[in-house]
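Accompanying notes for the structure given below.
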Amino acid sequence: MLEGEKYYQKKSSKYNRYKFSSKAKLVKGEIPNFFDLIKKYSNKDFVALDLGCGSGELALELSYYFKEIIGIDPVKRYIGVAKQDKKFKQIKNVKFIVASGEKMPFDDNQFDLIISSRGPLSSGFVFFREAKRVLKSGGLLIEETIGESDKIELKNIFGRGQNYPPQGAKLDKVKEILNKENFKMLYNKNYIYYQNYNSMKTVINTLSRAPIIPDFNVDKDSDKLEIVKDKLFTKEGIILSSHRLHWVAEK
């Protein structure tokens, strides 16, 4: 099990859902819409895989646009919530399975399209090659992943964090994987935007829910939080960067 999976296994004991929305307000740039990107490549004859589906919100929202969607996630609690929501919404063409992206319980060439929303797809070759195995020839990969500049202001203060220190551009890493595995890049776009967090409580809540600082602890990191407060906060709050990369590739 990789670090990302360990993180969410641990967090699921406190939070039932993978998805959450912070109270930060956009002050500059454009917040990406992954749902709209997927819709552009959707087809009602397609069978899609949501890789790292979390608590299933995206798969359920997309159910109208596909013949079938299967969502997998290694966190049992998230899958349990996803199944409950599916039953409540009476959605028939979505299925949720507890499984890891490292070794998926599917046949070769099974899916027309694979979605990964801040999931494991481009985090390592083991996930990418397994996704390649279950994807049909001519099938599509669509990912939203975290870019190298995300919350860089906090990571510089903490001296650690998700994908920190940056080892080059995330887009270059994705292109390297695609070239090595003979995929064709169809689309990519970086989104760098800035949001205002109006209190330290809002910042702490975000750090507690997302793997920005994977081993974040309010008490143990109290000295770092004081530096954040002293160096970054103004009377209006604190402005932090977010960085998302969207890309689409064809097998």
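Convention: chains lettered A, B, ... in structure tokens order; per-chain residue numbering from 1; ligands numbered from 1 as shown.
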- Item | strand (DSSP E) call set, DSSP backbone run, stretch 50-238 of chain A, as a ChimeraX atom specification | /A:50-51,66-73,94-98,111-117,135-146,184-197,238
- Message: Quick one: residues within 10 Å of A:Leu154, only C-alpha atoms, excluding same-chain residues fewer than 3 positions away - as a PyMOL selection string?
- Response: chain A and resi 150-151+157-161+203+207+212-213+224-225+227-228+232+240-241
Neighbouring residues of A:Asp85 were defined as those with any atom within 9 Å, considering only C-alpha atoms; residues of the same chain fewer than 5 positions away were excluded. Please report them as a PDB file with all heavy atoms, in the first residue's frame.
ATOM      1  N   SER A  55     -15.689   8.410  -2.016  1.00  0.00           N
ATOM      2  CA  SER A  55     -17.057   8.126  -1.575  1.00  0.00           C
ATOM      3  C   SER A  55     -18.076   8.245  -2.698  1.00  0.00           C
ATOM      4  O   SER A  55     -19.275   8.329  -2.439  1.00  0.00           O
ATOM      5  CB  SER A  55     -17.436   9.013  -0.384  1.00  0.00           C
ATOM      6  OG  SER A  55     -16.924  10.321  -0.517  1.00  0.00           O
ATOM      7  N   GLY A  56     -17.611   8.261  -3.948  1.00  0.00           N
ATOM      8  CA  GLY A  56     -18.478   8.016  -5.089  1.00  0.00           C
ATOM      9  C   GLY A  56     -19.254   9.169  -5.676  1.00  0.00           C
ATOM     10  O   GLY A  56     -20.035   8.984  -6.618  1.00  0.00           O
ATOM     11  N   GLU A  57     -19.027  10.388  -5.190  1.00  0.00           N
ATOM     12  CA  GLU A  57     -19.836  11.509  -5.655  1.00  0.00           C
ATOM     13  C   GLU A  57     -19.713  11.741  -7.153  1.00  0.00           C
ATOM     14  O   GLU A  57     -20.718  11.938  -7.857  1.00  0.00           O
ATOM     15  CB  GLU A  57     -19.457  12.798  -4.900  1.00  0.00           C
ATOM     16  CG  GLU A  57     -19.817  12.819  -3.435  1.00  0.00           C
ATOM     17  CD  GLU A  57     -18.759  12.219  -2.524  1.00  0.00           C
ATOM     18  OE1 GLU A  57     -17.769  11.655  -3.063  1.00  0.00           O
ATOM     19  OE2 GLU A  57     -18.903  12.296  -1.303  1.00  0.00           O
ATOM     20  N   LEU A  60     -21.439   8.982  -9.370  1.00  0.00           N
ATOM     21  CA  LEU A  60     -22.895   9.091  -9.344  1.00  0.00           C
ATOM     22  C   LEU A  60     -23.382  10.279 -10.162  1.00  0.00           C
ATOM     23  O   LEU A  60     -24.395  10.191 -10.868  1.00  0.00           O
ATOM     24  CB  LEU A  60     -23.392   9.189  -7.898  1.00  0.00           C
ATOM     25  CG  LEU A  60     -23.169   7.932  -7.045  1.00  0.00           C
ATOM     26  CD1 LEU A  60     -23.538   8.187  -5.595  1.00  0.00           C
ATOM     27  CD2 LEU A  60     -23.961   6.753  -7.590  1.00  0.00           C
ATOM     28  N   GLY A  80     -18.547   2.064   1.292  1.00  0.00           N
ATOM     29  CA  GLY A  80     -19.812   1.885   1.991  1.00  0.00           C
ATOM     30  C   GLY A  80     -20.720   3.096   1.854  1.00  0.00           C
ATOM     31  O   GLY A  80     -21.934   2.964   1.606  1.00  0.00           O
ATOM     32  N   GLN A  90     -31.185   5.831  -6.202  1.00  0.00           N
ATOM     33  CA  GLN A  90     -31.771   4.828  -7.108  1.00  0.00           C
ATOM     34  C   GLN A  90     -31.091   4.837  -8.484  1.00  0.00           C
ATOM     35  O   GLN A  90     -31.745   4.809  -9.514  1.00  0.00           O
ATOM     36  CB  GLN A  90     -33.281   5.062  -7.235  1.00  0.00           C
ATOM     37  CG  GLN A  90     -34.034   4.899  -5.924  1.00  0.00           C
ATOM     38  CD  GLN A  90     -35.531   5.060  -6.076  1.00  0.00           C
ATOM     39  OE1 GLN A  90     -36.017   5.827  -6.900  1.00  0.00           O
ATOM     40  NE2 GLN A  90     -36.290   4.323  -5.277  1.00  0.00           N
ATOM     41  N   ILE A  91     -29.769   4.864  -8.446  1.00  0.00           N
ATOM     42  CA  ILE A  91     -28.977   4.839  -9.681  1.00  0.00           C
ATOM     43  C   ILE A  91     -28.569   3.397  -9.961  1.00  0.00           C
ATOM     44  O   ILE A  91     -27.960   2.738  -9.118  1.00  0.00           O
ATOM     45  CB  ILE A  91     -27.752   5.761  -9.555  1.00  0.00           C
ATOM     46  CG1 ILE A  91     -28.214   7.217  -9.455  1.00  0.00           C
ATOM     47  CG2 ILE A  91     -26.809   5.588 -10.748  1.00  0.00           C
ATOM     48  CD1 ILE A  91     -27.102   8.201  -9.158  1.00  0.00           C
TER      49      ILE A  91
END
- Polymer residues at most 6 Å from A:Ile72, only C-alpha atoms, same-chain spacing of 4 or more positions, as a list in words: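 Counting only the stated atoms, we get Leu51, Gly52, Cys53, Phe96, Ile97, Val98 and Ala99 of chain A.
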- Task: Output as number ranges by chain all residues of stretch 2-226 of chain A that backbone DSSP marks as helix (DSSP H, G or I).
- Result: A: 3-11, 34-40, 57-61, 63-65, 76-89, 121-123, 125-134, 152-158, 170-180, 200-209, 222-226
- Task: Using only C-alpha atoms, determine which residues lie at most 12 Å from A:Gly101, disregarding the query and same-chain residues fewer than 4 positions distant; provide the list as number ranges by chain.
- Result: A: 1-2, 4-5, 49-53, 71-75, 97, 105-106, 114-116, 119-134
- Contacts of A:Glu176 at 12 Å or less, counting only C-alpha atoms, minus same-chain residues fewer than 4 places along, as an NGL selection string? :A and (122 or 124-125 or 128 or 168-172 or 180-185)
Residues from the last selection, N, CA, C and O atoms, saved as a PDB file, in the first residue's frame:
ATOM      1  N   SER A 122      -1.441   8.848 -12.146  1.00  0.00           N
ATOM      2  CA  SER A 122      -0.101   9.268 -12.573  1.00  0.00           C
ATOM      3  C   SER A 122       0.900   9.329 -11.423  1.00  0.00           C
ATOM      4  O   SER A 122       1.993   9.875 -11.577  1.00  0.00           O
ATOM      5  N   GLY A 124       2.423   6.810 -10.115  1.00  0.00           N
ATOM      6  CA  GLY A 124       3.478   5.818 -10.266  1.00  0.00           C
ATOM      7  C   GLY A 124       3.175   4.868 -11.407  1.00  0.00           C
ATOM      8  O   GLY A 124       2.016   4.698 -11.807  1.00  0.00           O
ATOM      9  N   PHE A 125       4.219   4.237 -11.927  1.00  0.00           N
ATOM     10  CA  PHE A 125       4.056   3.341 -13.080  1.00  0.00           C
ATOM     11  C   PHE A 125       3.166   2.146 -12.757  1.00  0.00           C
ATOM     12  O   PHE A 125       2.477   1.626 -13.635  1.00  0.00           O
ATOM     13  N   PHE A 128      -0.353   3.233 -13.454  1.00  0.00           N
ATOM     14  CA  PHE A 128      -0.558   3.558 -14.869  1.00  0.00           C
ATOM     15  C   PHE A 128      -0.598   2.285 -15.717  1.00  0.00           C
ATOM     16  O   PHE A 128      -1.463   2.133 -16.589  1.00  0.00           O
ATOM     17  N   GLY A 168      10.425  19.082 -10.498  1.00  0.00           N
ATOM     18  CA  GLY A 168      10.057  19.441 -11.857  1.00  0.00           C
ATOM     19  C   GLY A 168       8.556  19.565 -12.019  1.00  0.00           C
ATOM     20  O   GLY A 168       7.778  19.364 -11.080  1.00  0.00           O
ATOM     21  N   ALA A 169       8.126  19.883 -13.226  1.00  0.00           N
ATOM     22  CA  ALA A 169       6.714  20.103 -13.513  1.00  0.00           C
ATOM     23  C   ALA A 169       5.954  18.785 -13.575  1.00  0.00           C
ATOM     24  O   ALA A 169       6.426  17.816 -14.173  1.00  0.00           O
ATOM     25  N   LYS A 170       4.769  18.756 -12.973  1.00  0.00           N
ATOM     26  CA  LYS A 170       3.938  17.557 -13.015  1.00  0.00           C
ATOM     27  C   LYS A 170       3.580  17.186 -14.448  1.00  0.00           C
ATOM     28  O   LYS A 170       3.543  16.004 -14.806  1.00  0.00           O
ATOM     29  N   LEU A 171       3.314  18.178 -15.288  1.00  0.00           N
ATOM     30  CA  LEU A 171       2.968  17.908 -16.681  1.00  0.00           C
ATOM     31  C   LEU A 171       4.095  17.173 -17.396  1.00  0.00           C
ATOM     32  O   LEU A 171       3.843  16.256 -18.186  1.00  0.00           O
ATOM     33  N   ASP A 172       5.339  17.534 -17.123  1.00  0.00           N
ATOM     34  CA  ASP A 172       6.470  16.839 -17.744  1.00  0.00           C
ATOM     35  C   ASP A 172       6.528  15.386 -17.313  1.00  0.00           C
ATOM     36  O   ASP A 172       6.867  14.495 -18.113  1.00  0.00           O
ATOM     37  N   LYS A 180       6.434   6.825 -22.663  1.00  0.00           N
ATOM     38  CA  LYS A 180       7.015   5.514 -22.383  1.00  0.00           C
ATOM     39  C   LYS A 180       6.018   4.397 -22.658  1.00  0.00           C
ATOM     40  O   LYS A 180       6.401   3.296 -23.088  1.00  0.00           O
ATOM     41  N   GLU A 181       4.729   4.668 -22.408  1.00  0.00           N
ATOM     42  CA  GLU A 181       3.696   3.648 -22.570  1.00  0.00           C
ATOM     43  C   GLU A 181       2.943   3.778 -23.887  1.00  0.00           C
ATOM     44  O   GLU A 181       1.919   3.130 -24.097  1.00  0.00           O
ATOM     45  N   ASN A 182       3.449   4.632 -24.786  1.00  0.00           N
ATOM     46  CA  ASN A 182       2.894   4.785 -26.138  1.00  0.00           C
ATOM     47  C   ASN A 182       1.447   5.276 -26.153  1.00  0.00           C
ATOM     48  O   ASN A 182       0.614   4.800 -26.928  1.00  0.00           O
ATOM     49  N   PHE A 183       1.149   6.214 -25.283  1.00  0.00           N
ATOM     50  CA  PHE A 183      -0.144   6.889 -25.294  1.00  0.00           C
ATOM     51  C   PHE A 183      -0.022   8.216 -26.035  1.00  0.00           C
ATOM     52  O   PHE A 183       1.057   8.825 -26.076  1.00  0.00           O
ATOM     53  N   LYS A 184      -1.127   8.685 -26.580  1.00  0.00           N
ATOM     54  CA  LYS A 184      -1.170   9.964 -27.281  1.00  0.00           C
ATOM     55  C   LYS A 184      -1.862  11.001 -26.405  1.00  0.00           C
ATOM     56  O   LYS A 184      -3.023  10.830 -26.033  1.00  0.00           O
ATOM     57  N   MET A 185      -1.166  12.084 -26.073  1.00  0.00           N
ATOM     58  CA  MET A 185      -1.764  13.174 -25.306  1.00  0.00           C
ATOM     59  C   MET A 185      -2.734  13.934 -26.203  1.00  0.00           C
ATOM     60  O   MET A 185      -2.375  14.415 -27.275  1.00  0.00           O
TER      61      MET A 185
END
